[in-house]
Structure formats: structure tokens, C-alpha cells
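my_file-v6.tsv, holding TSV, C-alpha atoms:
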```tsv
chain	number	residue	atom	x	y	z
N	1	MET	CA	24.75	-14.68	-11.47
N	2	THR	CA	24.69	-11.15	-10.14
N	3	SER	CA	22.19	-8.44	-10.90
N	4	LEU	CA	21.70	-4.82	-9.95
N	5	ARG	CA	19.57	-3.94	-6.95
N	6	GLN	CA	18.44	-0.53	-5.81
N	7	LYS	CA	18.99	1.10	-2.45
N	8	VAL	CA	16.80	4.11	-1.78
N	9	LEU	CA	17.49	6.98	0.60
N	10	VAL	CA	14.90	9.69	1.25
N	11	LEU	CA	16.01	12.87	2.96
N	12	TYR	CA	13.85	15.73	4.17
N	13	LEU	CA	15.80	18.95	4.37
N	14	HIS	CA	15.60	22.26	6.22
N	15	ASP	CA	14.93	24.21	3.02
N	16	SER	CA	14.93	23.67	-0.73
N	17	ALA	CA	18.74	23.77	-1.02
N	18	LEU	CA	20.40	20.40	-1.31
N	19	ASP	CA	23.15	21.45	1.06
N	20	SER	CA	20.76	22.24	3.88
N	21	GLU	CA	20.39	20.19	7.04
N	22	VAL	CA	18.65	16.79	7.18
N	23	LEU	CA	15.47	16.87	9.32
N	24	ALA	CA	13.98	13.46	8.56
N	25	TRP	CA	14.96	10.35	6.64
N	26	ALA	CA	13.97	6.91	5.39
N	27	GLN	CA	15.97	4.07	3.87
N	28	TYR	CA	14.96	1.02	1.84
N	29	ASP	CA	17.42	-1.68	0.84
N	30	GLY	CA	16.50	-3.71	-2.23
N	31	THR	CA	19.22	-6.24	-1.48
N	32	GLY	CA	17.59	-7.22	1.79
N	33	THR	CA	20.93	-6.90	3.54
N	34	GLU	CA	19.88	-4.04	5.75
N	35	ARG	CA	16.54	-3.63	7.49
N	36	HIS	CA	15.27	-0.15	8.17
N	37	GLY	CA	12.00	0.84	9.75
N	38	SER	CA	10.00	3.43	11.61
N	39	GLY	CA	11.71	4.79	14.69
N	40	ASP	CA	14.88	2.75	14.30
N	41	SER	CA	17.28	5.69	14.54
N	42	ASP	CA	17.35	9.10	16.15
N	43	THR	CA	20.46	10.27	14.28
N	44	PRO	CA	20.32	11.24	10.59
N	45	PRO	CA	22.56	9.18	8.27
N	46	TYR	CA	23.95	12.41	6.76
N	47	LYS	CA	24.19	15.97	7.97
N	48	THR	CA	23.03	17.43	4.64
N	49	GLY	CA	21.75	16.29	1.27
N	50	LEU	CA	25.08	17.23	-0.26
N	51	ALA	CA	26.87	14.90	2.15
N	52	ALA	CA	24.78	12.02	0.74
N	53	LEU	CA	25.83	12.99	-2.81
N	54	ARG	CA	29.46	12.96	-1.74
N	55	ASP	CA	28.97	9.45	-0.38
N	56	GLY	CA	27.85	8.16	-3.76
N	57	TRP	CA	24.07	8.54	-3.59
N	58	ARG	CA	22.51	9.65	-6.90
N	59	LEU	CA	19.71	12.20	-6.68
N	60	ILE	CA	16.70	10.94	-8.64
N	61	GLN	CA	13.89	13.21	-7.50
N	62	ALA	CA	13.39	16.49	-5.64
N	63	SER	CA	10.10	17.97	-4.47
N	64	PRO	CA	9.03	20.95	-6.56
N	65	LEU	CA	8.36	24.39	-5.16
N	66	VAL	CA	4.60	24.75	-5.37
N	67	GLN	CA	2.81	28.09	-5.36
N	68	HIS	CA	0.61	28.44	-2.27
N	69	ALA	CA	-3.09	28.25	-3.04
N	70	SER	CA	-5.08	31.36	-2.22
N	71	GLY	CA	-6.59	31.04	1.24
N	72	ASP	CA	-4.27	28.20	2.14
N	73	GLU	CA	-1.03	30.12	2.42
N	74	PHE	CA	-0.41	29.43	6.09
N	75	ARG	CA	-1.44	25.81	6.33
N	76	THR	CA	1.30	23.33	7.17
N	77	GLY	CA	1.23	19.67	6.26
N	78	TYR	CA	3.70	17.22	4.79
N	79	LEU	CA	7.43	17.71	5.04
N	80	LYS	CA	8.26	20.10	2.23
N	81	TYR	CA	11.77	19.43	1.00
N	82	GLU	CA	11.90	15.79	0.00
N	83	PHE	CA	14.86	14.37	-1.93
N	84	PHE	CA	15.02	10.80	-3.24
N	85	PHE	CA	18.42	9.21	-3.82
N	86	GLU	CA	19.47	5.82	-5.07
N	87	LYS	CA	22.48	3.56	-5.21
N	88	LEU	CA	22.65	0.65	-7.62
N	89	VAL	CA	24.59	-2.24	-6.18
N	90	GLN	CA	25.63	-5.66	-7.43
N	91	PHE	CA	23.64	-8.48	-5.86
N	92	PRO	CA	24.44	-10.94	-4.48
I	1	MET	CA	-11.75	17.45	43.06
I	2	SER	CA	-9.87	18.52	39.97
I	3	ASP	CA	-6.17	19.43	39.84
I	4	LEU	CA	-6.27	21.76	36.84
I	5	LEU	CA	-3.33	22.48	34.55
I	6	ASN	CA	-1.60	25.84	34.77
I	7	THR	CA	-1.00	28.35	31.98
I	8	GLN	CA	2.55	27.21	31.29
I	9	GLN	CA	1.38	23.62	30.82
I	10	MET	CA	-1.40	24.74	28.50
I	11	ALA	CA	1.06	26.78	26.43
I	12	GLU	CA	3.34	23.76	26.20
I	13	PHE	CA	0.41	21.67	24.99
I	14	VAL	CA	-0.39	24.29	22.36
I	15	ALA	CA	3.24	24.40	21.19
I	16	LYS	CA	4.10	20.70	21.29
I	17	GLY	CA	0.72	18.97	21.25
I	18	CYS	CA	1.70	16.70	24.14
I	19	LEU	CA	2.12	16.58	27.88
I	20	LYS	CA	3.64	13.70	29.82
I	21	PHE	CA	2.73	12.86	33.41
I	22	GLU	CA	4.89	10.16	34.95
I	23	GLY	CA	3.61	7.79	37.59
I	24	VAL	CA	0.36	9.64	38.33
I	25	VAL	CA	-1.70	6.45	38.66
I	26	PRO	CA	-0.88	4.61	41.92
I	27	GLU	CA	0.59	1.13	41.59
I	28	ALA	CA	-2.36	-0.59	43.27
I	29	LEU	CA	-4.65	0.93	40.64
I	30	ASN	CA	-2.30	-0.12	37.83
I	31	GLN	CA	-2.42	-3.69	39.11
I	32	ARG	CA	-6.20	-3.57	39.34
I	33	PHE	CA	-6.39	-2.33	35.75
I	34	LEU	CA	-4.14	-5.13	34.51
I	35	ALA	CA	-6.14	-7.71	36.42
I	36	GLU	CA	-9.44	-6.36	35.09
I	37	VAL	CA	-8.29	-6.42	31.46
I	38	GLY	CA	-7.18	-10.02	31.83
I	39	HIS	CA	-3.41	-9.80	31.77
I	40	VAL	CA	-1.70	-13.13	32.30
I	41	PRO	CA	2.03	-13.83	32.61
I	42	GLU	CA	3.85	-13.92	29.29
I	43	ASP	CA	4.81	-17.58	29.62
I	44	GLN	CA	1.11	-18.48	29.56
I	45	VAL	CA	0.59	-16.80	26.18
I	46	THR	CA	1.33	-18.92	23.12
I	47	ASP	CA	-0.97	-17.28	20.58
I	48	LEU	CA	-1.23	-13.52	20.31
I	49	LEU	CA	-4.52	-13.58	18.41
I	50	ALA	CA	-6.07	-15.85	21.02
I	51	HIS	CA	-4.81	-13.59	23.81
I	52	TYR	CA	-6.21	-10.51	22.11
I	53	GLY	CA	-9.48	-12.29	21.41
I	54	ARG	CA	-9.86	-13.37	24.99
I	55	ILE	CA	-9.19	-9.86	26.28
I	56	MET	CA	-11.54	-8.31	23.72
I	57	ALA	CA	-14.34	-10.70	24.64
I	58	ALA	CA	-14.01	-10.95	28.38
I	59	SER	CA	-12.01	-8.05	29.80
I	60	GLY	CA	-13.35	-5.41	32.14
I	61	ILE	CA	-13.02	-2.76	29.47
I	62	PRO	CA	-16.64	-1.96	28.62
I	63	LEU	CA	-18.12	-1.44	25.19
I	64	VAL	CA	-18.92	2.25	25.14
I	65	ASP	CA	-21.06	3.97	22.53
I	66	ALA	CA	-19.33	6.86	20.79
I	67	GLY	CA	-20.58	10.11	22.30
I	68	THR	CA	-21.05	8.76	25.82
I	69	PRO	CA	-20.13	11.33	28.49
I	70	LEU	CA	-16.81	10.32	30.04
I	71	MET	CA	-18.40	10.49	33.47
I	72	GLN	CA	-20.80	7.70	32.45
I	73	ALA	CA	-18.37	5.60	30.41
I	74	TYR	CA	-16.91	3.38	33.12
I	75	PRO	CA	-18.77	1.40	35.80
I	76	GLN	CA	-18.45	2.78	39.29
I	77	GLY	CA	-15.79	0.90	41.20
I	78	SER	CA	-13.89	-0.18	38.09
I	79	ALA	CA	-10.21	0.64	37.75
I	80	LEU	CA	-10.91	2.93	34.80
I	81	ALA	CA	-13.57	4.88	36.71
I	82	ASP	CA	-11.12	5.30	39.59
I	83	ILE	CA	-8.31	6.39	37.26
I	84	PHE	CA	-10.46	9.11	35.70
I	85	ALA	CA	-11.55	10.19	39.18
I	86	LEU	CA	-7.95	10.91	40.25
I	87	PRO	CA	-7.66	14.70	40.78
I	88	ARG	CA	-4.63	14.89	38.49
I	89	VAL	CA	-6.36	13.02	35.68
I	90	ARG	CA	-9.61	14.93	36.10
I	91	GLY	CA	-7.65	18.16	36.03
I	92	ILE	CA	-6.00	17.21	32.75
I	93	VAL	CA	-9.32	16.30	31.17
I	94	ASP	CA	-11.21	19.30	32.55
I	95	SER	CA	-8.48	21.72	31.43
I	96	LEU	CA	-8.20	20.46	27.87
I	97	VAL	CA	-11.64	19.23	26.80
I	98	GLY	CA	-13.90	20.22	29.68
I	99	ALA	CA	-15.77	18.30	32.34
I	100	ALA	CA	-18.64	17.61	29.92
I	101	CYS	CA	-16.42	15.87	27.37
I	102	VAL	CA	-17.57	12.71	25.62
I	103	LEU	CA	-15.76	9.56	24.69
I	104	ASP	CA	-14.99	9.02	21.02
I	105	HIS	CA	-13.47	5.55	21.45
I	106	HIS	CA	-11.00	3.64	23.55
I	107	PHE	CA	-8.70	0.74	22.76
I	108	LEU	CA	-6.22	-1.48	24.53
I	109	HIS	CA	-3.08	-1.71	22.42
I	110	ILE	CA	-0.80	-4.67	23.07
I	111	THR	CA	2.59	-5.30	21.53
I	112	PHE	CA	4.02	-8.77	21.96
I	113	PRO	CA	7.48	-10.35	22.10
I	114	LYS	CA	8.92	-11.36	18.73
I	115	ARG	CA	8.34	-15.09	19.32
I	116	LEU	CA	4.57	-14.57	19.30
I	117	TYR	CA	4.58	-12.70	15.98
I	118	ASP	CA	6.77	-15.43	14.52
I	119	ALA	CA	4.37	-18.10	15.78
I	120	ALA	CA	1.43	-16.26	14.23
I	121	GLY	CA	3.23	-15.79	10.92
I	122	GLN	CA	3.13	-12.03	11.35
I	123	THR	CA	5.93	-9.54	10.77
I	124	HIS	CA	7.52	-8.21	13.91
I	125	THR	CA	7.81	-4.54	13.04
I	126	ALA	CA	7.25	-1.03	14.33
I	127	GLN	CA	4.01	0.67	13.39
I	128	HIS	CA	4.31	3.28	10.66
I	129	THR	CA	4.02	6.88	11.68
I	130	HIS	CA	0.48	8.18	11.30
I	131	GLN	CA	-2.01	10.76	12.51
I	132	ASP	CA	-5.17	9.20	13.94
I	133	SER	CA	-8.59	9.35	12.34
I	134	THR	CA	-8.66	11.43	9.16
I	135	ILE	CA	-7.93	14.88	7.79
I	136	ASP	CA	-9.04	17.22	10.56
I	137	PRO	CA	-8.64	20.95	9.99
I	138	ARG	CA	-10.54	22.09	13.12
I	139	ARG	CA	-9.31	24.69	15.59
I	140	ALA	CA	-11.08	22.86	18.44
I	141	PHE	CA	-9.35	19.63	19.34
I	142	ASP	CA	-9.81	16.22	20.88
I	143	VAL	CA	-7.28	14.73	23.25
I	144	GLN	CA	-5.96	11.21	23.28
I	145	ILE	CA	-4.83	9.97	26.64
I	146	MET	CA	-2.38	7.10	26.54
I	147	TYR	CA	-2.17	5.21	29.81
I	148	PHE	CA	0.82	2.96	30.47
I	149	PRO	CA	-0.15	0.63	33.35
I	150	HIS	CA	3.31	-0.85	33.79
I	151	GLU	CA	6.88	0.35	33.45
I	152	VAL	CA	7.95	0.83	29.83
I	153	THR	CA	11.65	0.28	29.21
I	154	ILE	CA	13.48	1.34	26.07
I	155	ASP	CA	13.50	-2.20	24.66
I	156	MET	CA	9.71	-2.46	25.00
I	157	GLY	CA	9.19	-0.03	22.12
I	158	GLY	CA	7.00	2.56	23.81
I	159	THR	CA	4.90	4.81	21.60
I	160	ARG	CA	6.94	6.99	19.26
I	161	TYR	CA	5.61	10.53	18.81
I	162	LEU	CA	6.70	13.78	17.25
I	163	PRO	CA	6.25	16.89	19.38
I	164	GLY	CA	4.97	19.86	17.41
I	165	SER	CA	3.37	17.82	14.61
I	166	HIS	CA	-0.22	18.28	15.81
I	167	LEU	CA	-1.10	21.35	13.76
I	168	ARG	CA	-0.01	19.85	10.43
I	169	ILE	CA	-3.00	18.95	8.31
I	170	VAL	CA	-2.22	15.56	6.82
I	171	SER	CA	-4.14	12.42	5.97
I	172	GLU	CA	-3.58	9.58	8.45
I	173	ALA	CA	-0.90	7.17	7.19
I	174	ALA	CA	0.17	9.45	4.36
I	175	VAL	CA	3.10	10.34	6.64
I	176	ALA	CA	4.20	6.68	6.96
I	177	ARG	CA	7.16	7.36	4.67
I	178	TYR	CA	8.83	9.42	7.38
I	179	GLN	CA	10.67	6.63	9.14
I	180	ASN	CA	12.62	8.89	11.45
I	181	VAL	CA	12.37	12.56	12.26
I	182	ARG	CA	14.72	14.68	14.33
I	183	GLY	CA	13.17	15.31	17.74
I	184	GLN	CA	11.01	12.19	17.75
I	185	GLN	CA	10.36	10.79	21.19
I	186	HIS	CA	9.96	7.22	22.43
I	187	VAL	CA	7.90	6.62	25.55
I	188	VAL	CA	10.02	5.31	28.41
I	189	CYS	CA	8.21	5.70	31.70
I	190	PRO	CA	7.37	4.29	35.10
I	191	ALA	CA	4.12	2.44	35.68
I	192	GLY	CA	1.04	4.60	35.84
I	193	SER	CA	2.20	7.26	33.39
I	194	LEU	CA	0.01	9.23	31.01
I	195	LEU	CA	0.88	10.73	27.67
I	196	VAL	CA	-1.71	13.32	26.74
I	197	LEU	CA	-1.82	14.13	23.04
I	198	HIS	CA	-3.60	16.58	20.76
I	199	HIS	CA	-5.48	14.48	18.20
I	200	GLY	CA	-3.15	15.60	15.43
I	201	ILE	CA	0.12	14.31	16.86
I	202	TRP	CA	2.07	12.02	14.52
I	203	HIS	CA	2.85	8.79	16.30
I	204	GLY	CA	3.31	5.03	15.99
I	205	GLY	CA	3.82	1.97	18.15
I	206	GLY	CA	7.45	1.05	18.66
I	207	LEU	CA	9.10	-2.32	18.12
I	208	ASN	CA	8.86	-4.46	21.24
I	209	ARG	CA	12.27	-6.14	21.53
I	210	SER	CA	11.66	-7.39	25.06
I	211	GLU	CA	10.20	-10.69	26.26
I	212	ARG	CA	7.29	-8.89	27.91
I	213	MET	CA	3.92	-7.80	26.58
I	214	ARG	CA	3.43	-4.06	26.46
I	215	TYR	CA	0.00	-2.63	27.20
I	216	MET	CA	-1.17	0.85	26.37
I	217	PHE	CA	-4.77	1.93	26.91
I	218	LYS	CA	-5.85	4.86	24.76
I	219	VAL	CA	-8.94	7.00	25.22
I	220	ARG	CA	-10.03	9.70	22.78
I	221	LEU	CA	-12.10	12.49	24.33
I	222	CYS	CA	-14.02	15.24	22.56
I	223	PRO	CA	-15.16	18.60	23.93
I	224	THR	CA	-18.82	19.55	23.96
I	225	THR	CA	-18.21	23.16	24.99
I	226	PRO	CA	-15.71	25.81	23.80
I	227	GLN	CA	-12.26	25.03	25.21
I	228	VAL	CA	-11.86	28.57	26.49
I	229	ARG	CA	-10.08	29.22	29.79
I	230	LEU	CA	-10.89	25.83	31.25
I	231	TRP	CA	-7.57	25.56	33.08
I	232	ASP	CA	-6.36	27.34	36.24
I	233	THR	CA	-5.82	30.81	34.77
I	234	ALA	CA	-4.50	32.35	37.98
I	235	ASP	CA	-1.09	32.69	36.30
I	236	LEU	CA	-2.40	33.90	32.93
I	237	VAL	CA	-0.94	37.26	31.94
I	238	GLU	CA	-3.53	39.22	29.99
I	239	GLY	CA	-2.78	41.20	26.82
I	240	THR	CA	-0.14	40.68	24.17
I	241	GLN	CA	2.98	42.23	25.77
I	242	PRO	CA	5.07	43.14	22.68
I	243	ARG	CA	8.82	42.63	22.93
I	244	PRO	CA	11.76	43.48	20.63
I	245	ILE	CA	11.96	41.21	17.58
I	246	PHE	CA	15.22	39.79	16.14
I	247	TRP	CA	17.36	42.69	17.49
I	248	THR	CA	17.08	41.51	21.05
I	249	GLY	CA	20.42	42.49	22.54
I	250	LEU	CA	21.15	38.78	22.93
I	251	ARG	CA	19.13	38.76	26.13
I	252	PRO	CA	17.66	35.33	26.78
I	253	PRO	CA	13.89	35.33	26.26
I	254	ALA	CA	11.73	35.19	29.35
I	255	ALA	CA	10.41	31.72	30.14
I	256	ASP	CA	6.81	32.73	29.49
I	257	VAL	CA	3.99	31.86	27.10
I	258	ARG	CA	5.46	34.02	24.30
I	259	THR	CA	8.67	32.03	24.35
I	260	VAL	CA	6.92	28.68	24.61
I	261	LEU	CA	4.82	29.50	21.53
I	262	THR	CA	7.85	30.59	19.49
I	263	THR	CA	10.30	27.82	20.32
I	264	ARG	CA	11.09	25.68	17.28
I	265	GLU	CA	11.13	21.93	17.07
I	266	PRO	CA	14.31	20.42	15.57
I	267	TRP	CA	12.39	19.14	12.53
I	268	PHE	CA	10.69	22.39	11.48
I	269	GLU	CA	11.71	23.62	8.04
I	270	ALA	CA	13.15	27.12	7.80
I	271	ASP	CA	9.91	28.64	6.51
I	272	THR	CA	7.28	26.41	8.13
I	273	GLU	CA	8.80	27.12	11.53
I	274	ARG	CA	7.23	30.58	11.26
I	275	LEU	CA	3.94	29.16	10.06
I	276	GLU	CA	3.87	26.87	13.08
I	277	TYR	CA	4.28	29.87	15.36
I	278	MET	CA	1.23	31.38	13.67
I	279	ASN	CA	-0.71	28.14	14.05
I	280	ARG	CA	0.13	28.10	17.75
I	281	ILE	CA	-0.84	31.76	18.19
I	282	ARG	CA	-4.20	31.07	16.54
I	283	LEU	CA	-4.78	28.15	18.90
I	284	TRP	CA	-3.82	30.29	21.89
I	285	ARG	CA	-6.30	32.94	20.71
I	286	TYR	CA	-9.01	30.26	20.72
I	287	LEU	CA	-8.10	28.94	24.16
I	288	THR	CA	-7.86	32.36	25.78
I	289	GLY	CA	-10.79	33.92	23.91
I	290	ASN	CA	-8.46	36.78	22.97
I	291	ALA	CA	-8.73	37.33	19.21
I	292	GLU	CA	-6.03	40.03	19.33
I	293	TYR	CA	-3.33	37.88	20.94
I	294	ASP	CA	0.01	37.87	19.15
I	295	VAL	CA	3.68	37.16	19.70
I	296	ASP	CA	6.44	38.98	17.86
I	297	TYR	CA	4.05	40.45	15.26
I	298	TRP	CA	3.64	37.13	13.43
I	299	MET	CA	-0.12	37.66	13.09
I	300	THR	CA	-0.26	41.45	13.33
I	301	ARG	CA	2.06	41.79	10.33
I	302	VAL	CA	-0.11	39.77	7.95
I	303	GLU	CA	-3.40	41.10	9.33
I	304	ASN	CA	-2.39	44.74	8.82
I	305	GLU	CA	-4.55	45.95	5.93
I	306	HIS	CA	-3.88	49.68	6.49
```
How does the structure come out when it is put into C-alpha cells?
Amino acid sequence: MTSLRQKVLVLYLHDSALDSEVLAWAQYDGTGTERHGSGDSDTPPYKTGLAALRDGWRLIQASPLVQHASGDEFRTGYLKYEFFFEKLVQFP
Amino acid sequence: MSDLLNTQQMAEFVAKGCLKFEGVVPEALNQRFLAEVGHVPEDQVTDLLAHYGRIMAASGIPLVDAGTPLMQAYPQGSALADIFALPRVRGIVDSLVGAACVLDHHFLHITFPKRLYDAAGQTHTAQHTHQDSTIDPRRAFDVQIMYFPHEVTIDMGGTRYLPGSHLRIVSEAAVARYQNVRGQQHVVCPAGSLLVLHHGIWHGGGLNRSERMRYMFKVRLCPTTPQVRLWDTADLVEGTQPRPIFWTGLRPPAADVRTVLTTREPWFEADTERLEYMNRIRLWRYLTGNAEYDVDYWMTRVENEH
């Protein structure tokens, strides 16, 4: 009997536009077919977020644009433009 | 004797948060270090926990109280004392955290061949990306010196690190989600190499796919004096030296401190790239003791209250 499993792709982009360049990425495969981990690739899986959409990934979350707190306007921290995608696949 | 860093190297450290020195520890000293920590050939190791336990309990790496002056941390005549007495190594330490620096902690990291993780029932995996310690918004900085006592080949999974990440204020493993980032580096180096990191650099141990054990000895050092002009400043150009901004006639920028501080990393976002330049300029102000220092008006523009 088959069931649906989720594959997750996280892309970090150059700016808030989905068609901007991929700077960082992570992948998780709920089927267990593929193994991904820290430092396993130096080449992004897609050039832009839009390229992932065109390959069948469904956008499920995008980081909001948050107003900068007073006094903290110039601080940098986490990667800003995070986009979560999924694919639902039949398994096995 | 101390072989101090020069201004260009200091600017690179400010911009990227890392400096790499290949093969600066002589091979005889590397071998002494490995012997003193208790390295044995891989085929004699059947249990990684037992190997680690034996090294922890009986190696020549001393237990050192946090806050001990570096100069008193290692017994005279030990490999570690001799490594930190090398003019190149002393110069690195003296330039970045000062001769009176103290030791925060040290640790011998070992990654093992896959068979030993399998035997121990542990997952053979790369370490998640993290920033050491905890949220640390200081301007002053500690350095972490990573010493690689033997050659590290690509399949040995040398430390992965992200140049330019040091000035981002994050909370330790909160960045673990970032599996891969454009511009990330993987240590591949000859024996006796040092990777010198600002405490804020994002990093993680790589996956050791070889049949050899990989050793990396890390020391965290803290300044006890202001880190102002501790390096060889003979080549330091004083002042701010304004230059045309954006409309530059397509002339290549001079290979000087201004350019080093305003060179982007491939993972900087469009807007945070500019904030990182400002972070670097602030750090350069601290290191030079010049509160007016600027490059390309990044600070002057937002400090202009006229």
C-alpha cells in the first residue's frame, strides 16, 4: 500500500523576490531515498526560487518582512529570505 | 620573537573572520603533538568512545583553568608550549588578542572512520553548522585557533566554515538549518596548518569518509587588553581616504584596506551586504582606535545629523 510522503526544500534567497538568486539551501527527504546533510554540496540545487517552482516544488512558507527595531537597525543575524517548499510523493 | 601580522592580513580577518596558515608547524613538532596526545594507528582502534576516553584521561593535553594566561597554560617542553612559541604563531596571537591573552578552553576534536561510528551505534554524519558559545554581541573578540597536526584530505571532512559570518549575531546551533551556503569552505591542508577564526564564525565538523582518524586541536583565546594596533602597523595608511562611490569610471579598486572591507561574500543578501560593510568598518575603527574611519560613506551617511 502506498502513501504520500513529503520532501522539503528550503531556499535562502538574495532578496525578498522569489525569482532572486539562491544563496543557501537545505533538503529533507521524507521517503528516506535521498540523504542530505550539512556541507554535502557546494552548488545550489536551483539558481532561483522561481526555478524550484518550475520544477514542481510547491511554496508553503516565506519569511515575512519585519520592521527593524529601533536601535537594532544595522544588526545582522539569520539569513533573511527563507522560502520553504514541498513535494508530495507516492511512497513506496 | 613574534612575527606579527600586517595590516592587509588584519583587514582580511576583519572582513572574513578567518585567516589560514598552511604548514606553519614543523613536521617534527606535529609528530610530537600526536605522540603526546596518545594517537595510535587506526587499526588498533576498535571503540571510538574508549579511544576518546583514553586520550581524555591520559594524554599530554593538560587540564587548564579558564582564564589562565596562555603563556602559563602549557608545560615547558611540551609540544603545545613549543607550538605557541613559534614566531609565526606568537605573532598571530599577539596581533589579534595580545600577548597577555588568556585561555578560555581547549579541546581535541577527533572524527573517526564510518566503521567506528557503526560499531558504537552512532550516526556517521557531519556536524550541523553552528556558532560557538552563545549570543555574543561584543565588539571585542576572542579567537579560536584550529590546529591540524596531520594532512587533511578532502575525504577526511575537514572543518567547514563560512567566511564573513562572524559579525552575524545568532544563537549557537540556531543556524543548523543552513545545510549549505554559497562560499562555504572545507579545510584541506598540509600537516601543521592553522585556521584562525573570529569567535563568531559559523562552522561545523565535516563528514570523515576516509579510513583515518582526523584530529583537530582547538584553543579559544580571549584578550585582556584593548585590541588596538597590536599588529605590525608599518603599512597602515592613516586617515579615511575618500574615493568615488558607484560612479567609479570602471577603474578596478585598489587592493587596499578599503577594498578588503567592502568586498562581498557570495552569500550576502542584497541589503545585508551593506550592513556587513558597516559592521566591518566599526570593527576596523575599534582595531585602529580611529572613531572617524569610514569607507565609501557607509557610516558617514547615517551619522550625519546636520
Report as a tab-separated table the residues of range 280-303 of chain I within 12 Å of range 158-167 of chain I, each with its shortest atom pair and distance in Å (one decimal), using all atoms listed in the file, ordered by chain and increasing residue number.
```
residue	atom	partner	partner_atom	distance
I:Arg280	CA	I:Leu167	CA	7.9
I:Ile281	CA	I:Leu167	CA	11.3
I:Arg282	CA	I:Leu167	CA	10.6
I:Leu283	CA	I:Leu167	CA	9.3
```
(request) Select, from N:Gly71, N:Pro92, N:Gly49, N:Gly37, the residue with the minimum atom-to-atom distance to Leu13 in chain N, counting all atoms listed in the file. (result) N:Gly49
(request) Enter the distance from CA of Ser38 in chain N to CA of Ser3 in chain N, in Å, rounded to one decimal. (result) 28.2 Å
Report as CSV the residues of chain N within 10 Å of chain I, each with its shortest atom pair and distance in Å (one decimal), using only C-alpha atoms, ordered by chain and increasing residue number.
```
residue,atom,partner,partner_atom,distance
N:Val10,CA,I:Tyr178,CA,8.6
N:Leu11,CA,I:Tyr178,CA,9.1
N:Tyr12,CA,I:Tyr178,CA,8.7
N:Leu13,CA,I:Glu269,CA,7.2
N:His14,CA,I:Glu269,CA,4.5
N:Asp15,CA,I:Ala270,CA,5.9
N:Ser16,CA,I:Glu269,CA,9.3
N:Ser20,CA,I:Ala270,CA,9.9
N:Glu21,CA,I:Glu269,CA,9.4
N:Val22,CA,I:Arg182,CA,8.4
N:Leu23,CA,I:Trp267,CA,5.0
N:Ala24,CA,I:Val181,CA,4.1
N:Trp25,CA,I:Asn180,CA,5.5
N:Ala26,CA,I:Gln179,CA,5.0
N:Gln27,CA,I:Gln179,CA,7.9
N:His36,CA,I:Gln179,CA,8.3
N:Gly37,CA,I:Gln179,CA,6.0
N:Ser38,CA,I:Gln179,CA,4.1
N:Gly39,CA,I:Asn180,CA,5.3
N:Asp40,CA,I:Asn180,CA,7.1
N:Ser41,CA,I:Asn180,CA,6.4
N:Asp42,CA,I:Arg182,CA,6.4
N:Thr43,CA,I:Arg182,CA,7.2
N:Pro44,CA,I:Arg182,CA,7.6
N:Glu73,CA,I:Leu275,CA,9.2
N:Phe74,CA,I:Leu275,CA,5.9
N:Arg75,CA,I:Ile169,CA,7.3
N:Thr76,CA,I:Arg168,CA,4.9
N:Gly77,CA,I:Arg168,CA,4.4
N:Tyr78,CA,I:Val170,CA,6.5
N:Leu79,CA,I:Glu269,CA,7.9
N:Lys80,CA,I:Glu269,CA,7.6
N:Tyr81,CA,I:Glu269,CA,8.2
```
(message) I need the residue nearest Ala28 in chain I from this list: I:Ala73, I:Ala191, I:Ile55, I:Ile135. Use all atoms listed in the file for the distance.
(response) I:Ala191
(message) Can you tell me which residues surround Arg58 in chain N at a distance of at most 7 Å, considering only C-alpha atoms, apart from same-chain residues fewer than 5 positions away, and format the answer as an NGL selection string?
(response) :N and (53 or 85-87)
(request) Excluding Leu48 in chain I and any residue of its chain fewer than 5 positions from it, enumerate the residues within 9 Å of it, using all atoms listed in the file, and give them as a PyMOL selection string. (result) chain I and resi 53+112+116-117+119-120
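Reported to one decimal place, the separation of CA of Lys20 in chain I from CA of Arg214 in chain I is 18.1 Å.
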(request) Using only C-alpha atoms, find the one residue out of I:Pro87, I:Gly249, I:Pro190, I:Pro113 that sits nearest to Asp47 in chain I. (result)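 Looking at the shortest contact to Asp47 in chain I, the residue is I:Pro113.
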(request) To one decimal in Å, tell me the separation between CA of Asn30 in chain I and CA of Val143 in chain I. (result)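 Distance between the two atoms: 21.4 Å.
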(request) Would you mind telling me which residue in I:Ile61, I:Leu261, I:Val102, I:Val295 lies nearest to Arg243 in chain I when using all atoms listed in the file? (result)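 Among I:Ile61, I:Leu261, I:Val102, I:Val295, it is I:Val295 that comes nearest to Arg243 in chain I.
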(request) Please provide as an MDAnalysis selection string all residues within 8 Å of Ala62 in chain N, with the sequence filter that same-chain residues fewer than 4 positions apart are discarded (counting all atoms listed in the file). (result) chainID N and resid 81:84
Pick out the residues sitting within 7 Å of Phe91 in chain N, and hand them over as a compact mmCIF listing (two decimals) with C-alpha atoms, in the frame of the given file; count all atoms listed in the file, and ignore anything fewer than 3 positions along from it in its own chain.
```txt
# COMPACT_ATOMS: atom_id res chain seq x y z
CA THR N 2 24.69 -11.15 -10.14
CA SER N 3 22.19 -8.44 -10.90
CA LEU N 4 21.70 -4.82 -9.95
CA ARG N 5 19.57 -3.94 -6.95
CA THR N 31 19.22 -6.24 -1.48
```
(request) Mind listing whatever residues come within 9 Å of the point (-9.5, 40.3, 13.6)? Use only C-alpha atoms, file coordinates, and give them as an MDAnalysis selection string. (result) chainID I and resid 291:292 303
(request) Using only C-alpha atoms, find the one residue out of I:Ala35, I:Leu70, I:Cys189, I:Leu197 that sits nearest to Ala58 in chain I. (result)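 Checking each candidate against Ala58 in chain I, we get I:Ala35 as the closest.
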(message) Under the rule that only C-alpha atoms are counted, which of I:Leu236, I:His150, I:Cys101, I:Leu49 is the nearest residue to Gln122 in chain I?
(response)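 The closest residue to Gln122 in chain I is I:Leu49.
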(message) With all atoms listed in the file as the counted atoms, please give the residues lying no more than 9 Å from range 254-259 of chain I, apart from itself and same-chain residues fewer than 6 positions off, as a list in words.
(response) Thr7, Gln8, Ala11, Glu12, Leu236, Val237, Thr240, Gln241, Asp294, Val295 and Asp296 of chain I
Kindly output range 124-131 of chain I as a compact mmCIF listing (two decimals), in the coordinates of the input, after building N, CA and C atoms.
```txt
# COMPACT_ATOMS: atom_id res chain seq x y z
N HIS I 124 7.22 -8.93 12.68
CA HIS I 124 7.52 -8.21 13.91
C HIS I 124 8.13 -6.87 13.51
N THR I 125 7.33 -5.82 13.55
CA THR I 125 7.81 -4.54 13.04
C THR I 125 7.18 -3.39 13.79
N ALA I 126 7.82 -2.23 13.71
CA ALA I 126 7.25 -1.03 14.33
C ALA I 126 6.08 -0.53 13.48
N GLN I 127 5.15 0.10 14.13
CA GLN I 127 4.01 0.67 13.39
C GLN I 127 4.48 1.92 12.64
N HIS I 128 3.98 2.07 11.42
CA HIS I 128 4.31 3.28 10.66
C HIS I 128 3.80 4.52 11.37
N THR I 129 4.47 5.60 11.14
CA THR I 129 4.02 6.88 11.68
C THR I 129 2.71 7.29 11.02
N HIS I 130 1.78 7.77 11.82
CA HIS I 130 0.48 8.18 11.30
C HIS I 130 -0.13 9.23 12.22
N GLN I 131 -1.18 9.86 11.71
CA GLN I 131 -2.01 10.76 12.51
C GLN I 131 -3.36 10.05 12.62
```
